[in-house]
file final37.csv (CSV, N, CA and C atoms)
chain,number,residue,atom,x,y,z
A,1,MET,N,19.3,-1.1,15.3
A,1,MET,CA,18.8,-2.3,14.6
A,1,MET,C,19.6,-2.4,13.3
A,2,ASN,N,20.1,-3.6,13.0
A,2,ASN,CA,20.8,-3.8,11.8
A,2,ASN,C,19.9,-3.9,10.6
A,3,ARG,N,20.4,-4.0,9.4
A,3,ARG,CA,19.6,-4.0,8.1
A,3,ARG,C,18.7,-5.2,8.0
A,4,VAL,N,19.2,-6.4,8.4
A,4,VAL,CA,18.4,-7.6,8.4
A,4,VAL,C,17.2,-7.4,9.3
A,5,GLY,N,17.5,-6.9,10.5
A,5,GLY,CA,16.4,-6.7,11.5
A,5,GLY,C,15.4,-5.7,11.1
A,6,THR,N,15.9,-4.7,10.4
A,6,THR,CA,14.9,-3.6,9.9
A,6,THR,C,14.1,-4.2,8.8
A,7,GLN,N,14.7,-4.9,7.9
A,7,GLN,CA,13.9,-5.6,6.8
A,7,GLN,C,12.8,-6.5,7.3
A,8,LYS,N,13.2,-7.3,8.4
A,8,LYS,CA,12.3,-8.2,9.0
A,8,LYS,C,11.1,-7.5,9.6
A,9,LEU,N,11.4,-6.4,10.3
A,9,LEU,CA,10.4,-5.6,11.0
A,9,LEU,C,9.4,-5.0,9.9
A,10,VAL,N,10.0,-4.4,8.9
A,10,VAL,CA,9.2,-3.8,7.8
A,10,VAL,C,8.3,-4.9,7.2
A,11,GLY,N,8.8,-6.1,7.0
A,11,GLY,CA,8.0,-7.2,6.4
A,11,GLY,C,6.9,-7.6,7.3
A,12,GLU,N,7.2,-7.7,8.6
A,12,GLU,CA,6.1,-8.1,9.6
A,12,GLU,C,5.1,-7.0,9.7
A,13,VAL,N,5.4,-5.8,9.7
A,13,VAL,CA,4.4,-4.7,9.8
A,13,VAL,C,3.6,-4.7,8.5
A,14,ARG,N,4.2,-4.9,7.3
A,14,ARG,CA,3.4,-4.9,6.1
A,14,ARG,C,2.4,-6.1,6.1
A,15,ASP,N,2.8,-7.3,6.6
A,15,ASP,CA,1.9,-8.4,6.7
A,15,ASP,C,0.8,-8.1,7.7
A,16,TYR,N,1.1,-7.5,8.8
A,16,TYR,CA,0.1,-7.2,9.8
A,16,TYR,C,-0.9,-6.2,9.3
A,17,VAL,N,-0.4,-5.1,8.6
A,17,VAL,CA,-1.3,-4.1,8.1
A,17,VAL,C,-2.2,-4.7,7.0
A,18,LEU,N,-1.6,-5.5,6.1
A,18,LEU,CA,-2.4,-6.1,5.1
A,18,LEU,C,-3.5,-7.0,5.6
A,19,GLU,N,-3.2,-7.8,6.6
A,19,GLU,CA,-4.2,-8.7,7.1
A,19,GLU,C,-5.2,-8.1,8.1
A,20,THR,N,-4.8,-7.1,8.9
A,20,THR,CA,-5.7,-6.6,9.9
A,20,THR,C,-6.4,-5.3,9.5
A,21,VAL,N,-5.9,-4.6,8.5
A,21,VAL,CA,-6.5,-3.3,8.2
A,21,VAL,C,-6.9,-3.3,6.7
A,22,ILE,N,-6.0,-3.6,5.8
A,22,ILE,CA,-6.4,-3.4,4.4
A,22,ILE,C,-7.3,-4.5,3.9
A,23,ARG,N,-7.0,-5.8,4.1
A,23,ARG,CA,-7.9,-6.8,3.6
A,23,ARG,C,-9.3,-6.7,4.2
A,24,PRO,N,-9.5,-6.5,5.5
A,24,PRO,CA,-10.9,-6.3,6.1
A,24,PRO,C,-11.6,-5.0,5.5
A,25,TYR,N,-10.8,-4.0,5.2
A,25,TYR,CA,-11.4,-2.8,4.6
A,25,TYR,C,-11.9,-3.1,3.2
A,26,PHE,N,-11.1,-3.8,2.4
A,26,PHE,CA,-11.6,-4.2,1.0
A,26,PHE,C,-12.8,-5.2,1.1
A,27,ASP,N,-12.7,-6.1,2.0
A,27,ASP,CA,-13.8,-7.1,2.2
A,27,ASP,C,-15.1,-6.4,2.6
A,28,LEU,N,-15.0,-5.4,3.4
A,28,LEU,CA,-16.2,-4.7,3.9
A,28,LEU,C,-16.8,-3.9,2.7
A,29,HIS,N,-16.0,-3.4,1.8
A,29,HIS,CA,-16.5,-2.6,0.7
A,29,HIS,C,-16.7,-3.3,-0.6
A,30,ARG,N,-16.5,-4.6,-0.6
A,30,ARG,CA,-16.7,-5.4,-1.8
A,30,ARG,C,-17.8,-6.4,-1.5
A,31,LYS,N,-18.8,-6.5,-2.4
A,31,LYS,CA,-19.9,-7.5,-2.2
A,31,LYS,C,-19.5,-8.9,-2.4
A,32,ARG,N,-18.5,-9.2,-3.2
A,32,ARG,CA,-18.1,-10.6,-3.5
A,32,ARG,C,-17.0,-11.1,-2.6
A,33,GLY,N,-16.8,-10.5,-1.5
A,33,GLY,CA,-15.7,-11.0,-0.6
A,33,GLY,C,-14.3,-10.6,-1.0
A,34,SER,N,-13.4,-11.2,-0.4
A,34,SER,CA,-12.0,-10.9,-0.6
A,34,SER,C,-11.5,-11.1,-2.0
A,35,ASN,N,-10.9,-10.1,-2.5
A,35,ASN,CA,-10.3,-10.2,-3.9
A,35,ASN,C,-8.9,-9.7,-3.9
A,36,LEU,N,-8.2,-9.7,-2.8
A,36,LEU,CA,-6.8,-9.3,-2.7
A,36,LEU,C,-5.9,-10.5,-2.8
A,37,VAL,N,-4.8,-10.3,-3.5
A,37,VAL,CA,-3.8,-11.4,-3.6
A,37,VAL,C,-2.5,-10.7,-3.1
A,38,ARG,N,-1.9,-11.3,-2.0
A,38,ARG,CA,-0.7,-10.8,-1.4
A,38,ARG,C,0.4,-10.9,-2.4
A,39,ILE,N,1.3,-9.9,-2.3
A,39,ILE,CA,2.5,-9.9,-3.1
A,39,ILE,C,3.7,-10.2,-2.2
A,40,GLU,N,4.4,-11.2,-2.5
A,40,GLU,CA,5.6,-11.6,-1.7
A,40,GLU,C,6.9,-11.1,-2.3
A,41,GLY,N,7.9,-10.9,-1.5
A,41,GLY,CA,9.2,-10.6,-2.0
A,41,GLY,C,9.8,-9.3,-1.6
A,42,SER,N,11.0,-9.3,-1.4
A,42,SER,CA,11.7,-8.1,-0.9
A,42,SER,C,11.9,-7.1,-2.0
A,43,GLU,N,11.7,-7.4,-3.2
A,43,GLU,CA,11.9,-6.5,-4.3
A,43,GLU,C,10.8,-5.4,-4.5
A,44,TRP,N,9.8,-5.6,-3.7
A,44,TRP,CA,8.7,-4.6,-3.7
A,44,TRP,C,8.8,-3.7,-2.5
A,45,ARG,N,8.9,-2.4,-2.8
A,45,ARG,CA,9.1,-1.5,-1.7
A,45,ARG,C,7.7,-1.1,-1.1
A,46,HIS,N,6.7,-0.9,-2.0
A,46,HIS,CA,5.4,-0.4,-1.6
A,46,HIS,C,4.3,-1.4,-2.0
A,47,LEU,N,4.4,-2.1,-3.0
A,47,LEU,CA,3.4,-3.0,-3.5
A,47,LEU,C,3.2,-4.1,-2.5
A,48,ILE,N,2.0,-4.3,-2.0
A,48,ILE,CA,1.8,-5.4,-1.0
A,48,ILE,C,0.7,-6.4,-1.5
A,49,ALA,N,-0.2,-5.9,-2.5
A,49,ALA,CA,-1.2,-6.8,-2.9
A,49,ALA,C,-1.8,-6.3,-4.3
A,50,THR,N,-2.5,-7.2,-4.9
A,50,THR,CA,-3.2,-6.8,-6.1
A,50,THR,C,-4.7,-7.1,-5.9
A,51,THR,N,-5.6,-6.4,-6.7
A,51,THR,CA,-7.0,-6.7,-6.6
A,51,THR,C,-7.3,-7.7,-7.8
A,52,ALA,N,-8.5,-8.2,-7.8
A,52,ALA,CA,-9.0,-9.1,-8.8
A,52,ALA,C,-9.0,-8.3,-10.2
A,53,GLY,N,-9.1,-7.0,-10.1
A,53,GLY,CA,-9.1,-6.2,-11.3
A,53,GLY,C,-7.8,-5.8,-11.8
A,54,SER,N,-6.7,-6.4,-11.3
A,54,SER,CA,-5.3,-6.1,-11.6
A,54,SER,C,-4.9,-4.7,-11.3
A,55,GLU,N,-5.4,-4.2,-10.1
A,55,GLU,CA,-4.9,-2.9,-9.6
A,55,GLU,C,-4.0,-3.1,-8.4
A,56,GLY,N,-3.0,-2.3,-8.3
A,56,GLY,CA,-2.0,-2.4,-7.2
A,56,GLY,C,-2.5,-1.8,-5.9
A,57,VAL,N,-2.2,-2.5,-4.8
A,57,VAL,CA,-2.4,-2.0,-3.4
A,57,VAL,C,-1.1,-1.7,-2.8
A,58,PHE,N,-0.8,-0.4,-2.4
A,58,PHE,CA,0.5,0.0,-2.0
A,58,PHE,C,0.4,0.5,-0.5
A,59,LEU,N,1.4,0.2,0.3
A,59,LEU,CA,1.5,0.7,1.6
A,59,LEU,C,2.8,1.5,1.7
A,60,VAL,N,2.6,2.8,2.0
A,60,VAL,CA,3.8,3.7,2.1
A,60,VAL,C,4.2,3.7,3.6
A,61,TRP,N,5.2,2.9,3.9
A,61,TRP,CA,5.8,2.9,5.2
A,61,TRP,C,7.2,2.4,5.1
A,62,ASN,N,8.2,3.3,5.5
A,62,ASN,CA,9.6,2.9,5.2
A,62,ASN,C,10.3,2.6,6.5
A,63,GLY,N,9.6,2.0,7.4
A,63,GLY,CA,10.3,1.5,8.7
A,63,GLY,C,10.3,2.6,9.7
A,64,LEU,N,10.9,2.3,10.8
A,64,LEU,CA,11.0,3.2,12.0
A,64,LEU,C,11.8,4.4,11.6
A,65,GLY,N,11.2,5.6,11.7
A,65,GLY,CA,11.9,6.8,11.4
A,65,GLY,C,11.9,7.1,9.9
A,66,GLY,N,11.3,6.3,9.1
A,66,GLY,CA,11.2,6.5,7.7
A,66,GLY,C,9.9,7.3,7.3
A,67,GLY,N,9.8,7.8,6.1
A,67,GLY,CA,8.7,8.5,5.7
A,67,GLY,C,7.5,7.6,5.4
A,68,TRP,N,6.3,8.2,5.4
A,68,TRP,CA,5.1,7.4,5.0
A,68,TRP,C,4.1,8.3,4.4
A,69,ASP,N,4.6,9.4,3.8
A,69,ASP,CA,3.7,10.3,3.0
A,69,ASP,C,3.8,9.9,1.5
A,70,PHE,N,2.7,10.2,0.8
A,70,PHE,CA,2.6,9.9,-0.6
A,70,PHE,C,3.1,11.1,-1.4
A,71,THR,N,4.3,11.1,-1.9
A,71,THR,CA,4.9,12.2,-2.6
A,71,THR,C,5.1,11.8,-4.1
A,72,GLY,N,5.6,12.7,-4.9
A,72,GLY,CA,5.8,12.4,-6.3
A,72,GLY,C,6.8,11.3,-6.5
A,73,GLU,N,7.9,11.3,-5.7
A,73,GLU,CA,8.9,10.3,-5.7
A,73,GLU,C,8.3,8.9,-5.4
A,74,VAL,N,7.4,8.8,-4.4
A,74,VAL,CA,6.8,7.6,-4.0
A,74,VAL,C,5.8,7.2,-5.1
A,75,TYR,N,5.1,8.1,-5.7
A,75,TYR,CA,4.2,7.8,-6.9
A,75,TYR,C,5.0,7.1,-8.0
A,76,ASN,N,6.2,7.7,-8.3
A,76,ASN,CA,7.0,7.1,-9.4
A,76,ASN,C,7.5,5.7,-9.0
A,77,THR,N,7.8,5.4,-7.8
A,77,THR,CA,8.2,4.1,-7.3
A,77,THR,C,7.0,3.1,-7.5
A,78,CYS,N,5.8,3.6,-7.1
A,78,CYS,CA,4.6,2.7,-7.2
A,78,CYS,C,4.3,2.4,-8.7
A,79,ALA,N,4.4,3.5,-9.5
A,79,ALA,CA,4.2,3.3,-11.0
A,79,ALA,C,5.2,2.3,-11.5
A,80,GLU,N,6.4,2.3,-11.2
A,80,GLU,CA,7.4,1.4,-11.6
A,80,GLU,C,7.1,0.0,-11.2
A,81,GLU,N,6.7,-0.2,-9.9
A,81,GLU,CA,6.4,-1.5,-9.4
A,81,GLU,C,5.2,-2.1,-10.1
A,82,ALA,N,4.2,-1.2,-10.3
A,82,ALA,CA,3.0,-1.7,-11.0
A,82,ALA,C,3.3,-2.2,-12.4
A,83,GLU,N,4.1,-1.4,-13.1
A,83,GLU,CA,4.5,-1.8,-14.4
A,83,GLU,C,5.2,-3.1,-14.4
A,84,ARG,N,6.2,-3.3,-13.5
A,84,ARG,CA,7.0,-4.5,-13.4
A,84,ARG,C,6.0,-5.7,-13.1
A,85,ALA,N,5.0,-5.5,-12.3
A,85,ALA,CA,4.0,-6.5,-12.0
A,85,ALA,C,3.0,-6.7,-13.0
A,86,GLY,N,2.9,-5.9,-14.1
A,86,GLY,CA,1.9,-6.1,-15.1
A,86,GLY,C,0.5,-5.6,-14.7
A,87,LEU,N,0.5,-4.6,-13.8
A,87,LEU,CA,-0.8,-4.1,-13.3
A,87,LEU,C,-1.3,-2.9,-14.1
A,88,LYS,N,-2.6,-2.7,-13.9
A,88,LYS,CA,-3.2,-1.5,-14.5
A,88,LYS,C,-2.7,-0.2,-13.8
A,89,PRO,N,-2.7,0.9,-14.5
A,89,PRO,CA,-2.2,2.1,-13.9
A,89,PRO,C,-3.3,2.8,-13.0
A,90,PHE,N,-3.8,2.1,-12.1
A,90,PHE,CA,-4.7,2.6,-11.1
A,90,PHE,C,-4.3,2.0,-9.8
A,91,TYR,N,-4.0,2.9,-8.8
A,91,TYR,CA,-3.4,2.4,-7.6
A,91,TYR,C,-4.2,2.8,-6.3
A,92,HIS,N,-4.3,1.8,-5.4
A,92,HIS,CA,-4.9,2.0,-4.1
A,92,HIS,C,-3.7,2.2,-3.1
A,93,VAL,N,-3.6,3.4,-2.6
A,93,VAL,CA,-2.4,3.8,-1.8
A,93,VAL,C,-2.8,4.1,-0.3
A,94,PHE,N,-2.2,3.4,0.6
A,94,PHE,CA,-2.4,3.6,2.0
A,94,PHE,C,-1.1,4.3,2.5
A,95,ALA,N,-1.3,5.6,3.0
A,95,ALA,CA,-0.2,6.4,3.4
A,95,ALA,C,-0.6,7.5,4.4
A,96,GLY,N,0.3,8.2,5.0
A,96,GLY,CA,0.0,9.2,5.9
A,96,GLY,C,-0.6,10.5,5.3
A,97,LEU,N,0.1,11.1,4.5
A,97,LEU,CA,-0.4,12.4,3.8
A,97,LEU,C,-0.4,12.2,2.3
A,98,TYR,N,-1.4,12.9,1.7
A,98,TYR,CA,-1.5,12.8,0.2
A,98,TYR,C,-0.9,14.1,-0.4
A,99,LEU,N,0.4,14.1,-0.4
A,99,LEU,CA,1.2,15.3,-0.9
A,99,LEU,C,1.3,15.4,-2.4
A,100,TYR,N,1.1,14.3,-3.1
A,100,TYR,CA,1.1,14.3,-4.6
A,100,TYR,C,-0.2,13.7,-5.0
A,101,GLN,N,-1.0,14.5,-5.8
A,101,GLN,CA,-2.3,14.1,-6.1
A,101,GLN,C,-2.4,13.8,-7.6
A,102,THR,N,-3.1,12.7,-8.0
A,102,THR,CA,-3.3,12.4,-9.4
A,102,THR,C,-4.5,11.6,-9.5
A,103,GLU,N,-5.1,11.6,-10.7
A,103,GLU,CA,-6.4,10.9,-10.9
A,103,GLU,C,-6.4,9.4,-10.8
A,104,ASN,N,-5.3,8.8,-11.0
A,104,ASN,CA,-5.2,7.3,-11.1
A,104,ASN,C,-4.8,6.7,-9.7
A,105,VAL,N,-5.0,7.5,-8.6
A,105,VAL,CA,-4.8,7.0,-7.3
A,105,VAL,C,-6.0,7.2,-6.4
A,106,ARG,N,-6.4,6.1,-5.7
A,106,ARG,CA,-7.4,6.2,-4.7
A,106,ARG,C,-6.6,6.2,-3.4
A,107,PHE,N,-6.6,7.2,-2.7
A,107,PHE,CA,-5.8,7.4,-1.5
A,107,PHE,C,-6.6,7.1,-0.2
A,108,TYR,N,-6.0,6.3,0.7
A,108,TYR,CA,-6.5,6.0,2.0
A,108,TYR,C,-5.6,6.6,3.0
A,109,MET,N,-6.1,7.6,3.7
A,109,MET,CA,-5.2,8.1,4.8
A,109,MET,C,-5.1,7.1,5.9
A,110,PHE,N,-3.9,6.8,6.3
A,110,PHE,CA,-3.6,5.7,7.1
A,110,PHE,C,-2.6,6.1,8.2
A,111,ASP,N,-2.9,5.6,9.4
A,111,ASP,CA,-2.0,5.9,10.6
A,111,ASP,C,-1.8,4.5,11.2
A,112,LEU,N,-0.6,4.1,11.4
A,112,LEU,CA,-0.3,2.7,11.9
A,112,LEU,C,-1.0,2.5,13.3
A,113,ALA,N,-1.1,3.6,14.1
A,113,ALA,CA,-1.7,3.5,15.4
A,113,ALA,C,-3.3,3.3,15.3
A,114,HIS,N,-3.9,3.8,14.3
A,114,HIS,CA,-5.3,3.9,14.2
A,114,HIS,C,-6.0,3.2,13.0
A,115,GLY,N,-5.2,2.7,12.1
A,115,GLY,CA,-5.7,2.0,10.9
A,115,GLY,C,-6.2,3.0,9.9
A,116,VAL,N,-7.1,2.6,9.0
A,116,VAL,CA,-7.6,3.5,7.9
A,116,VAL,C,-8.4,4.6,8.5
A,117,LEU,N,-8.0,5.9,8.3
A,117,LEU,CA,-8.8,7.0,8.8
A,117,LEU,C,-9.8,7.6,7.9
A,118,GLY,N,-9.5,7.4,6.6
A,118,GLY,CA,-10.4,8.0,5.6
A,118,GLY,C,-9.9,7.7,4.2
A,119,THR,N,-10.8,8.0,3.2
A,119,THR,CA,-10.5,7.8,1.8
A,119,THR,C,-10.6,9.1,1.1
A,120,VAL,N,-9.6,9.4,0.3
A,120,VAL,CA,-9.6,10.6,-0.5
A,120,VAL,C,-9.6,10.2,-2.0
A,121,GLN,N,-10.6,10.7,-2.7
A,121,GLN,CA,-10.5,10.4,-4.2
A,121,GLN,C,-10.9,11.6,-4.9
A,122,LEU,N,-10.1,12.0,-5.9
A,122,LEU,CA,-10.4,13.1,-6.7
A,122,LEU,C,-11.5,12.9,-7.7
call {"tool": "encode", "arguments": {"input": "final37.csv", "output": "structure tokens"}}
result
Amino acid sequence: MNRVGTQKLVGEVRDYVLETVIRPYFDLHRKRGSNLVRIEGSEWRHLIATTAGSEGVFLVWNGLGGGWDFTGEVYNTCAEEAERAGLKPFYHVFAGLYLYQTENVRFYMFDLAHGVLGTVQL
């Protein structure tokens, strides 16, 4: 698959996950209904939405054969994206494994085949 095809696939999967897994999860756990705003643009590697409280929602998935674990390197990328977007330094992260742990992350264990499997919060 060429680079354009890969980028298109990653974009489609991000949209699918946001609309079928993440948004319904947030809606279910919020009393006032949906408060997510989708983030558009290819300049965002992991940032896919923001909450009404200016917190970032991140999906760690790097395409077919790519990593999807939350590591220190991924944390730094999320922090840079959040700063560029003017967001608070508290992140909702959907990823495979929680390999880098910090107090300002609410981690949601995620598997593309099964959706949100659980939430880990320190």
call {"tool": "residues_near_point", "arguments": {"input": "final37.csv", "point": "(-1.3, 4.7, -0.2)", "cutoff": "5 Å", "atoms": "all atoms listed in the file", "output": "count of residues only"}}
result
6
call {"tool": "atom_distance", "arguments": {"input": "final37.csv", "atom1": "atom N of A:Glu103", "atom2": "atom C of A:Phe90"}}
result
9.7 Å
call {"tool": "atom_distance", "arguments": {"input": "final37.csv", "atom1": "atom CA of A:Ala85", "atom2": "atom CA of A:Leu59"}}
result
15.6 Å
call {"tool": "closest_residue", "arguments": {"input": "final37.csv", "among": "A:Phe107, A:Pro24, A:Thr102, A:Gly96", "to": "A:Gly67", "atoms": "all atoms listed in the file"}}
result
A:Gly96
call {"tool": "atom_distance", "arguments": {"input": "final37.csv", "atom1": "atom C of A:Asn35", "atom2": "atom CA of A:Gly53"}}
result
8.2 Å
call {"tool": "residues_around", "arguments": {"input": "final37.csv", "residues": "A:Gly72", "least_positions_apart": "4", "cutoff": "6.5 Å", "atoms": "only N, CA and C atoms", "output": "list in words"}}
result
Asn76, Thr77, Leu99 and Tyr100 of chain A
call {"tool": "closest_residue", "arguments": {"input": "final37.csv", "among": "A:Arg23, A:Tyr108, A:Leu47, A:Gly11", "to": "A:Cys78", "atoms": "all atoms listed in the file"}}
result
A:Leu47
call {"tool": "residues_around", "arguments": {"input": "final37.csv", "residues": "stretch 86-89 of chain A", "least_positions_apart": "5", "cutoff": "6 Å", "atoms": "all atoms listed in the file", "output": "PDB file with N, CA and C atoms, in the frame of the given file"}}
result
ATOM      1  N   SER A  54      -6.700  -6.400 -11.300  1.00  0.00           N
ATOM      2  CA  SER A  54      -5.300  -6.100 -11.600  1.00  0.00           C
ATOM      3  C   SER A  54      -4.900  -4.700 -11.300  1.00  0.00           C
ATOM      4  N   GLU A  55      -5.400  -4.200 -10.100  1.00  0.00           N
ATOM      5  CA  GLU A  55      -4.900  -2.900  -9.600  1.00  0.00           C
ATOM      6  C   GLU A  55      -4.000  -3.100  -8.400  1.00  0.00           C
ATOM      7  N   GLY A  56      -3.000  -2.300  -8.300  1.00  0.00           N
ATOM      8  CA  GLY A  56      -2.000  -2.400  -7.200  1.00  0.00           C
ATOM      9  C   GLY A  56      -2.500  -1.800  -5.900  1.00  0.00           C
ATOM     10  N   GLU A  81       6.700  -0.200  -9.900  1.00  0.00           N
ATOM     11  CA  GLU A  81       6.400  -1.500  -9.400  1.00  0.00           C
ATOM     12  C   GLU A  81       5.200  -2.100 -10.100  1.00  0.00           C
ATOM     13  N   ASN A 104      -5.300   8.800 -11.000  1.00  0.00           N
ATOM     14  CA  ASN A 104      -5.200   7.300 -11.100  1.00  0.00           C
ATOM     15  C   ASN A 104      -4.800   6.700  -9.700  1.00  0.00           C
TER      16      ASN A 104
END
call {"tool": "closest_residue", "arguments": {"input": "final37.csv", "among": "A:Trp68, A:Ala52, A:Glu73, A:Tyr98", "to": "A:Asp111", "atoms": "only C-alpha atoms"}}
result
A:Trp68
call {"tool": "closest_residue", "arguments": {"input": "final37.csv", "among": "A:Ala49, A:Tyr75, A:Trp61, A:Trp44", "to": "A:Leu18", "atoms": "only N, CA and C atoms"}}
result
A:Ala49
call {"tool": "residues_around", "arguments": {"input": "final37.csv", "residues": "A:Ile48", "least_positions_apart": "6", "cutoff": "6 Å", "atoms": "only C-alpha atoms", "output": "ChimeraX atom specification"}}
result
/A:38-39,57-58
call {"tool": "write_last_selection", "arguments": {"input": "final37.csv", "atoms": "N, CA and C atoms", "output": "PDB file, keeping the file's coordinate frame"}}
result
ATOM      1  N   ARG A  38      -1.900 -11.300  -2.000  1.00  0.00           N
ATOM      2  CA  ARG A  38      -0.700 -10.800  -1.400  1.00  0.00           C
ATOM      3  C   ARG A  38       0.400 -10.900  -2.400  1.00  0.00           C
ATOM      4  N   ILE A  39       1.300  -9.900  -2.300  1.00  0.00           N
ATOM      5  CA  ILE A  39       2.500  -9.900  -3.100  1.00  0.00           C
ATOM      6  C   ILE A  39       3.700 -10.200  -2.200  1.00  0.00           C
ATOM      7  N   VAL A  57      -2.200  -2.500  -4.800  1.00  0.00           N
ATOM      8  CA  VAL A  57      -2.400  -2.000  -3.400  1.00  0.00           C
ATOM      9  C   VAL A  57      -1.100  -1.700  -2.800  1.00  0.00           C
ATOM     10  N   PHE A  58      -0.800  -0.400  -2.400  1.00  0.00           N
ATOM     11  CA  PHE A  58       0.500   0.000  -2.000  1.00  0.00           C
ATOM     12  C   PHE A  58       0.400   0.500  -0.500  1.00  0.00           C
TER      13      PHE A  58
END
call {"tool": "closest_residue", "arguments": {"input": "final37.csv", "among": "A:Leu97, A:Glu12, A:Thr50, A:Arg45", "to": "A:Asn62", "atoms": "all atoms listed in the file"}}
result
A:Arg45
